[in-house]
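Each remark here refers to the structure printed beneath this line.
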Amino acid sequence: MIGMASVSYAQSLLGAPETRLTTLDNGLRVASEETGHATCTVGLWISAGSRYESEKNNGAGFFLEHMAFKGTKKHPQTALEQQVESMGAHLSAYTSREHTAYYMKTLTKDLPKAVELLSEVVQSCSLNEAEIEQQRSVVLRELEEVESNLQEVCLDLLHATAFQGTALGHSVLGPSSSARNLTRQDLVDYVNSHYKAPRMVLAAAGGVSHDELVGLAKSHFSGVSFEYEGDAVPVLSPCRFTGSEIRMRDDALPLAHIAIAVEGASAASPDIVPLMVANAIIGSYDLTYGGGKHLSSRLARLAVEDNLCHSFQAFHSSYSDTGLLGIYFVADKNNIDDMMHWSQNAWMNLCTTVTESDVARGRNALKASLVGQLNGTTPICDDIGRHILNYGRRIPLAEWDARIDAVTPKMVRDICSKYIYDKCPAVAAVGPVEQLPDYNRMRSAMYWLRF
Amino acid sequence: GYPNISLSTPLPGIPKPLFASVDGQEKYETKITTLENELDKKNLHFLKDEILLTLEKHGGICDCQTSRDTTMYAVSAEVKGLDTVVSLLSDAVLQPRLLDEELEMTRMAVRFELEDLNMRPDPEPLLTEMIHAAAYRGNTVGLPRFCPAENVDKIDKNVLHSYLRNYYRPERMVLAGVGIEHEQLVESARKYLLDVKPVWGTSSAPNVDLSVAQYTGGIVKMEKDMSDVSLGPTPIPELTHIMIGLESCSYLEDDFIPFAVLNMMMGGGGSFSAGGPGKGMFTRLYLNVLNRHHWMYNATSYHHSYEDSGLLCIHASADPRQVREMVEIITREFIQMGGSAGEMELERAKTQLKSMLMMNLESRPVIFEDVGRQVLSTGKRKLPHELCHLISSVTAGDIKRVTTKMLRSKPAVAALGDLMELPSYEHIQAALSSKDGRLPRTYRLFR
């Protein structure tokens, strides 16, 4: 079938615009992809997050995110807000365990102004004392609101138990005592220890010209420091995974939220792709999916036929030297035992009997979702920023495609066995969780006696 | 004959995945949601596993969505699967099996969705239903979008077939695609969609409801105990929600763009946070309402527009004891819309609207929906830069003119929660026809 479309899949993968990468003298990296859109997203991705915090200043990064748009030395708060609003741009930020990002969505013609504003937000945030006091209550209120988002609570507890006693166990938002006690000096110290040029990437996607971007970076970001005070370069301490469980039983809640995970692969590990394919085989499900018992994932079909749960998803969070490979589900209090049994069964299946058709399906689903997610300048820009921080380069779709195609059923079985089979899981449960099996029973479902 | 075939625009860069869809247009039925869950994966020629296998071979995902005036079946897959995908769509849309057990499963899914709607702390979908019912009493877009609970059991194969016979007709359908060659799409369409006999038969004259939406205005109230709506451990304060709307215009009229700019100028959102710079913190509902009255939980402006009418409404929520004050603040905002718009304010709203339009059109599913809907209702597609040009040419005079027209229509009011302090409909109507937007004074003997 020649010429089914203007370009074939393989051709378009190879012909995808290249992500260009330049490094400035102070170590700051500039990367961009020119997609030809009339709009663009440009932002700074920084290797900083809750993992770099200690018990004392846990929550500093999150608090800093709140202070970011409250005024810079050149643009006091109202002036900054009005600038952004009049440009019709959107200024946002997020903090995660290992990354912090400040980015702006705007029309391509406003790129220079956007880079200027971003450089001010990151380098010369005013951190006004009065504003800090005011933001305390805002942060506390947000902490309160997050308590109602049980998915966040469950996954946070999962990290807290899986990486207990280490930096990855910290929640990104920090405890409420931080919101009450962090001082301006704490925030300044945080910025000075972590906002360094070699740990930053200026990424952009949209109708941007790489050369123009590099020029703007040179004029606004050349001043970012690359030296540490007292020459103390922070070294990330390893984060040990501990098989454990944590239960927050509350029978007043209508549904139970449960997550079970094993230690997964780090971001740069070659095992990442087979594990992603394995997760695509398990897939995800939600009660509102109309497919009913015709869904392709076996666990989803069981969930529908036996009414096991309201929703589930297989996830893999990877960090620079470790990861969490798991399944999260939301179920009624009387179905927890069954749902846990079948979830672990799905894992055993991956380690022992996964077939060629399953893997073929998983590969296709994964490819479609990777391509489908890059839908718009913001996801592309985010992808660029995170890839450069994790891998030092942007991994092109063609490479993902090749690596996915190389996954065989034997590879899935071997790699899943390496990570899942007979390993101690970490379990977190919130809600009416009386029916959740005892830890030892869940531990013994991590292997099969028939092998 | 066959459906209007729309232009397909290959995108720069990576054109995968391909989207193809068939639009069916209706806004007169309440059976919609059942269909949505049904027709997605069941059909005559393919067994269920075959459909999934076929789709999976091409890394495809499929979805079906209905709104008040359109139904969309979308499949996205690798480009070399174009032919297969179109044949799947044709089968799914024109020849669904609708077995009894499938219908039963769907009824369960629909019941669950309805339950979920009522349980959620966010009242917006419910309020949107209510305001439409109030504004277009008993007709067209005023009919409930979600299948009402009492109808779920009444819907069976015959009911669905009669609905399909009336509305799934070639002249009401558009096949749209993004990321594929137009000629290829036309060829596949000829192969799988031309002269195909739908499973419900091509019999008699259809019983199509061709009514035009009649804006009536009116009030719909729902007393509901909102004191404990939180699903988590943190309590959410008890709030009463109101939505007040007036007739705007259809998206086919020239005045649609000024109304869109007006909606952007009003803006609004939650009082806790706008969401950061750029999300409308200098819009009127923030500056005049939320920043001045900290007891208001939110004030947001919405614009719903259909082929023959439209509705501009403002949603606000506050503690039940302050409902009267809240209503008065909103009615005064409506009246002030008719005053002169500041130059900076207008420019900002126009820039934000253009920017939002361009940013949304970065995404392939959005482009695809845009192409499908525009061709379905107008037979052609206005390109983004044309729309931007139209937005740029809106003047303060245009805003004033459309507001004056809007204020002449009868108000539509929806209210949810503890309604003890809610002013009567006549009083709200009087406020919206007065010079300053204030409610008539009431004399109360007992406070």
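Identifiers in this document derive from the order of the structure tokens: chains are assigned A, B, ..., residues are numbered from 1 separately in each chain, and ligands are numbered from 1 in order of occurrence.
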List every residue of chain A that has an atom at most 6 Å from any atom of chain B, giving for each one its closest atom pair and the distance in Å to one decimal, counting only C-alpha atoms, sorted by chain and then by ascending residue number, as a Markdown table.
```
| residue | atom | partner | partner_atom | distance |
| --- | --- | --- | --- | --- |
| A:Ala5 | CA | B:Ile180 | CA | 4.7 |
| A:Ser6 | CA | B:Glu181 | CA | 5.4 |
| A:Ser12 | CA | B:Ile14 | CA | 5.2 |
| A:Ala16 | CA | B:Gly13 | CA | 5.6 |
| A:Glu81 | CA | B:Pro277 | CA | 5.3 |
| A:Val84 | CA | B:Gly278 | CA | 5.6 |
| A:Glu85 | CA | B:Gly278 | CA | 4.6 |
| A:Ser86 | CA | B:Arg348 | CA | 4.9 |
| A:Gly88 | CA | B:Gln352 | CA | 4.0 |
| A:Ala89 | CA | B:Gly278 | CA | 5.3 |
| A:His90 | CA | B:Gly278 | CA | 4.2 |
| A:Leu91 | CA | B:Pro277 | CA | 5.5 |
| A:Ser148 | CA | B:Gly232 | CA | 4.4 |
| A:Gly290 | CA | B:Asn37 | CA | 4.8 |
| A:Arg361 | CA | B:Glu56 | CA | 5.8 |
| A:Asn364 | CA | B:Gly59 | CA | 4.4 |
| A:Ala365 | CA | B:Gly59 | CA | 5.2 |
| A:Ala368 | CA | B:Gly59 | CA | 5.5 |
| A:Asn375 | CA | B:Ser363 | CA | 5.1 |
| A:Gly376 | CA | B:Glu362 | CA | 4.7 |
```
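Excluding Leu422 of chain B and any residue on its chain fewer than 6 positions from it, the residues at most 8 Å away by only C-alpha atoms are Val323, Arg324 and Val327 of chain B.
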Determine, counting only C-alpha atoms, which protein, DNA and RNA residues have an atom within 9 Å of an atom of Thr377 of chain A; residues of the same chain fewer than 2 positions away are not included. Present the result as a VMD selection string.
(chain A and resid 35 37 39 to 42 105 204 to 206 374 to 375 379 to 382) or (chain B and resid 359 362 to 363)
Please, could you write that set of residues out with N, CA and C atoms as a PDB file, in the first residue's frame?
```pdb
ATOM      1  N   THR A  35       9.200  23.331  15.939  1.00  0.00           N
ATOM      2  CA  THR A  35       8.073  22.585  15.396  1.00  0.00           C
ATOM      3  C   THR A  35       7.242  23.396  14.419  1.00  0.00           C
ATOM      4  N   HIS A  37       5.153  25.832  15.105  1.00  0.00           N
ATOM      5  CA  HIS A  37       3.903  26.396  15.630  1.00  0.00           C
ATOM      6  C   HIS A  37       4.030  27.900  15.810  1.00  0.00           C
ATOM      7  N   THR A  39       2.976  29.250  18.449  1.00  0.00           N
ATOM      8  CA  THR A  39       3.139  29.440  19.892  1.00  0.00           C
ATOM      9  C   THR A  39       4.355  28.640  20.328  1.00  0.00           C
ATOM     10  N   CYS A  40       4.805  28.898  21.546  1.00  0.00           N
ATOM     11  CA  CYS A  40       5.950  28.117  22.024  1.00  0.00           C
ATOM     12  C   CYS A  40       5.888  27.993  23.535  1.00  0.00           C
ATOM     13  N   THR A  41       6.637  27.044  24.038  1.00  0.00           N
ATOM     14  CA  THR A  41       6.802  26.928  25.490  1.00  0.00           C
ATOM     15  C   THR A  41       8.293  27.003  25.747  1.00  0.00           C
ATOM     16  N   VAL A  42       8.689  27.850  26.698  1.00  0.00           N
ATOM     17  CA  VAL A  42      10.120  27.954  27.021  1.00  0.00           C
ATOM     18  C   VAL A  42      10.242  27.914  28.539  1.00  0.00           C
ATOM     19  N   LYS A 105       4.237  29.564  28.648  1.00  0.00           N
ATOM     20  CA  LYS A 105       3.643  29.297  27.334  1.00  0.00           C
ATOM     21  C   LYS A 105       3.303  30.647  26.737  1.00  0.00           C
ATOM     22  N   ALA A 204      13.126  24.754  25.061  1.00  0.00           N
ATOM     23  CA  ALA A 204      12.037  25.429  24.363  1.00  0.00           C
ATOM     24  C   ALA A 204      11.522  24.544  23.246  1.00  0.00           C
ATOM     25  N   ALA A 205      10.242  24.672  22.943  1.00  0.00           N
ATOM     26  CA  ALA A 205       9.663  23.938  21.818  1.00  0.00           C
ATOM     27  C   ALA A 205       8.597  24.829  21.201  1.00  0.00           C
ATOM     28  N   GLY A 206       8.468  24.758  19.877  1.00  0.00           N
ATOM     29  CA  GLY A 206       7.489  25.601  19.205  1.00  0.00           C
ATOM     30  C   GLY A 206       8.150  26.235  18.002  1.00  0.00           C
ATOM     31  N   LEU A 374       3.217  13.487  23.133  1.00  0.00           N
ATOM     32  CA  LEU A 374       3.969  14.669  22.706  1.00  0.00           C
ATOM     33  C   LEU A 374       3.070  15.552  21.872  1.00  0.00           C
ATOM     34  N   ASN A 375       2.011  16.021  22.501  1.00  0.00           N
ATOM     35  CA  ASN A 375       0.940  16.640  21.774  1.00  0.00           C
ATOM     36  C   ASN A 375       0.859  18.113  22.109  1.00  0.00           C
ATOM     37  N   PRO A 379       4.159  19.680  26.336  1.00  0.00           N
ATOM     38  CA  PRO A 379       4.708  18.353  26.620  1.00  0.00           C
ATOM     39  C   PRO A 379       6.068  18.127  25.963  1.00  0.00           C
ATOM     40  N   ILE A 380       6.253  18.664  24.764  1.00  0.00           N
ATOM     41  CA  ILE A 380       7.545  18.470  24.088  1.00  0.00           C
ATOM     42  C   ILE A 380       8.640  19.173  24.867  1.00  0.00           C
ATOM     43  N   CYS A 381       8.365  20.405  25.305  1.00  0.00           N
ATOM     44  CA  CYS A 381       9.371  21.162  26.046  1.00  0.00           C
ATOM     45  C   CYS A 381       9.706  20.446  27.349  1.00  0.00           C
ATOM     46  N   ASP A 382       8.691  19.939  28.033  1.00  0.00           N
ATOM     47  CA  ASP A 382       8.897  19.218  29.284  1.00  0.00           C
ATOM     48  C   ASP A 382       9.760  17.990  29.037  1.00  0.00           C
TER      49      ASP A 382
ATOM     50  N   MET B 359      -2.756  28.265  21.409  1.00  0.00           N
ATOM     51  CA  MET B 359      -2.180  27.233  22.265  1.00  0.00           C
ATOM     52  C   MET B 359      -3.013  25.967  22.219  1.00  0.00           C
ATOM     53  N   GLU B 362      -2.444  23.613  19.255  1.00  0.00           N
ATOM     54  CA  GLU B 362      -1.179  22.880  19.115  1.00  0.00           C
ATOM     55  C   GLU B 362      -1.470  21.388  19.119  1.00  0.00           C
ATOM     56  N   SER B 363      -2.555  21.028  19.757  1.00  0.00           N
ATOM     57  CA  SER B 363      -2.815  19.613  20.006  1.00  0.00           C
ATOM     58  C   SER B 363      -3.620  18.989  18.875  1.00  0.00           C
TER      59      SER B 363
END
```
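Every protein, DNA or RNA residue with an atom at most 6 Å from Ala412 of chain B, where only C-alpha atoms count and chain neighbours fewer than 3 positions away do not, is listed here: Ala134, Ala135, Gly217, Gly218, Ile219, Ile244 and Gly245 of chain B.
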d(atom CA of Met420 of chain B, atom CA of Ala318 of chain B) in Å
13.1 Å
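These are the residues of segment 90-298 of chain B assigned strand (DSSP E) by DSSP from backbone coordinates: B:Met173, B:Val174, B:Leu175, B:Ala176, B:Gly177, B:Val178, B:Gly218, B:Ile219, B:Val220, B:Lys221, B:Met222, B:Glu223, B:Thr240, B:His241, B:Ile242, B:Met243, B:Ile244, B:Gly245, B:Leu246, B:Glu247, B:Gly268, B:Gly269, B:Gly270, B:Asn298.
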I want to know what sits within 12 Å of Leu449 of chain A, based on only C-alpha atoms, with residues of the same chain fewer than 6 positions away left out; could you give that as a CSV table (one decimal) with all heavy atoms, in the first residue's frame?
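Final output, saved to result.csv:
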```csv
chain,number,residue,atom,x,y,z
A,348,MET,N,3.0,-12.0,38.4
A,348,MET,CA,3.6,-13.3,38.3
A,348,MET,C,3.5,-13.8,36.8
A,348,MET,O,4.5,-14.4,36.3
A,348,MET,CB,2.9,-14.3,39.2
A,348,MET,CG,3.1,-14.2,40.6
A,348,MET,SD,4.9,-14.4,41.1
A,348,MET,CE,5.4,-12.7,41.3
A,421,TYR,N,10.2,-10.8,41.0
A,421,TYR,CA,10.0,-12.2,41.5
A,421,TYR,C,10.7,-12.3,42.9
A,421,TYR,O,11.9,-12.1,43.0
A,421,TYR,CB,10.5,-13.2,40.5
A,421,TYR,CG,10.0,-14.6,40.8
A,421,TYR,CD1,8.7,-14.9,40.3
A,421,TYR,CD2,10.8,-15.5,41.4
A,421,TYR,CE1,8.2,-16.2,40.5
A,421,TYR,CE2,10.3,-16.8,41.6
A,421,TYR,CZ,9.0,-17.1,41.2
A,421,TYR,OH,8.5,-18.4,41.4
A,422,ASP,N,9.9,-12.7,43.8
A,422,ASP,CA,10.5,-13.0,45.2
A,422,ASP,C,11.1,-11.8,45.8
A,422,ASP,O,12.1,-11.9,46.5
A,422,ASP,CB,11.5,-14.2,45.1
A,422,ASP,CG,11.7,-14.8,46.5
A,422,ASP,OD1,10.8,-14.5,47.4
A,422,ASP,OD2,12.7,-15.5,46.7
```
List the spatial neighbours of Asp255 of chain B as a compact mmCIF listing (two decimals) with N, CA, C and O atoms, in the first residue's frame - criterion: any atom at most 10 Å away, only C-alpha atoms, same-chain residues fewer than 3 positions off excluded.
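Final file, selection-v8.txt:
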```txt
# COMPACT_ATOMS: atom_id res chain seq x y z
N SER B 248 -26.76 34.85 24.42
CA SER B 248 -25.72 35.50 23.62
C SER B 248 -26.05 35.28 22.14
O SER B 248 -27.03 35.79 21.65
N CYS B 249 -25.28 34.51 21.41
CA CYS B 249 -25.63 34.28 20.01
C CYS B 249 -24.99 32.98 19.53
O CYS B 249 -24.17 32.40 20.23
N SER B 250 -25.38 32.54 18.34
CA SER B 250 -24.84 31.27 17.84
C SER B 250 -23.45 31.51 17.28
O SER B 250 -23.06 32.63 16.99
N TYR B 251 -22.69 30.41 17.11
CA TYR B 251 -21.32 30.59 16.61
C TYR B 251 -21.26 30.87 15.13
O TYR B 251 -20.20 31.10 14.58
N LEU B 252 -22.43 30.87 14.49
CA LEU B 252 -22.44 31.19 13.07
C LEU B 252 -22.54 32.69 12.83
O LEU B 252 -22.25 33.17 11.76
N PRO B 258 -17.15 38.97 19.35
CA PRO B 258 -17.22 39.92 20.47
C PRO B 258 -17.68 39.26 21.76
O PRO B 258 -17.18 39.58 22.83
N PHE B 259 -18.62 38.30 21.67
CA PHE B 259 -19.05 37.63 22.89
C PHE B 259 -17.91 36.84 23.49
O PHE B 259 -17.75 36.78 24.71
N ALA B 260 -17.09 36.22 22.63
CA ALA B 260 -15.96 35.45 23.15
C ALA B 260 -14.97 36.37 23.85
O ALA B 260 -14.42 36.04 24.91
N VAL B 394 -12.14 43.45 16.99
CA VAL B 394 -13.25 43.76 17.90
C VAL B 394 -12.97 45.10 18.59
O VAL B 394 -11.87 45.35 19.05
N ASP B 398 -18.26 47.34 19.76
CA ASP B 398 -18.85 46.02 19.54
C ASP B 398 -19.28 45.40 20.86
O ASP B 398 -20.38 44.84 20.97
N ILE B 399 -18.41 45.51 21.87
CA ILE B 399 -18.71 44.91 23.18
C ILE B 399 -19.97 45.54 23.75
O ILE B 399 -20.87 44.85 24.23
N ARG B 401 -22.33 47.02 22.16
CA ARG B 401 -23.52 46.66 21.38
C ARG B 401 -24.02 45.27 21.74
O ARG B 401 -25.21 45.06 21.97
N VAL B 402 -23.12 44.30 21.81
CA VAL B 402 -23.59 42.93 22.09
C VAL B 402 -24.12 42.81 23.51
O VAL B 402 -25.04 42.06 23.78
```
Write down as a ChimeraX atom specification the residues of segment 102-164 of chain B whose backbone DSSP state falls under alpha helix (DSSP H).
/B:102-119,124-135,149-152,157-164
What does the structure give for the distance between atom CA of Thr106 of chain A and atom CA of His387 of chain A, in Å to one decimal?
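Between atom CA of Thr106 of chain A and atom CA of His387 of chain A the gap works out to 22.1 Å.
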Just give me the gap between atom CA of Leu117 of chain B and atom CA of Val152 of chain B in Å, one decimal is fine.
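These two atoms are separated by 15.3 Å.
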Using only C-alpha atoms: which of B:Leu143, B:Ala341, B:Arg321, B:Leu88 has the shortest distance to Tyr192 of chain B:
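Answer, going by the shortest atom-to-atom distance: B:Leu88.
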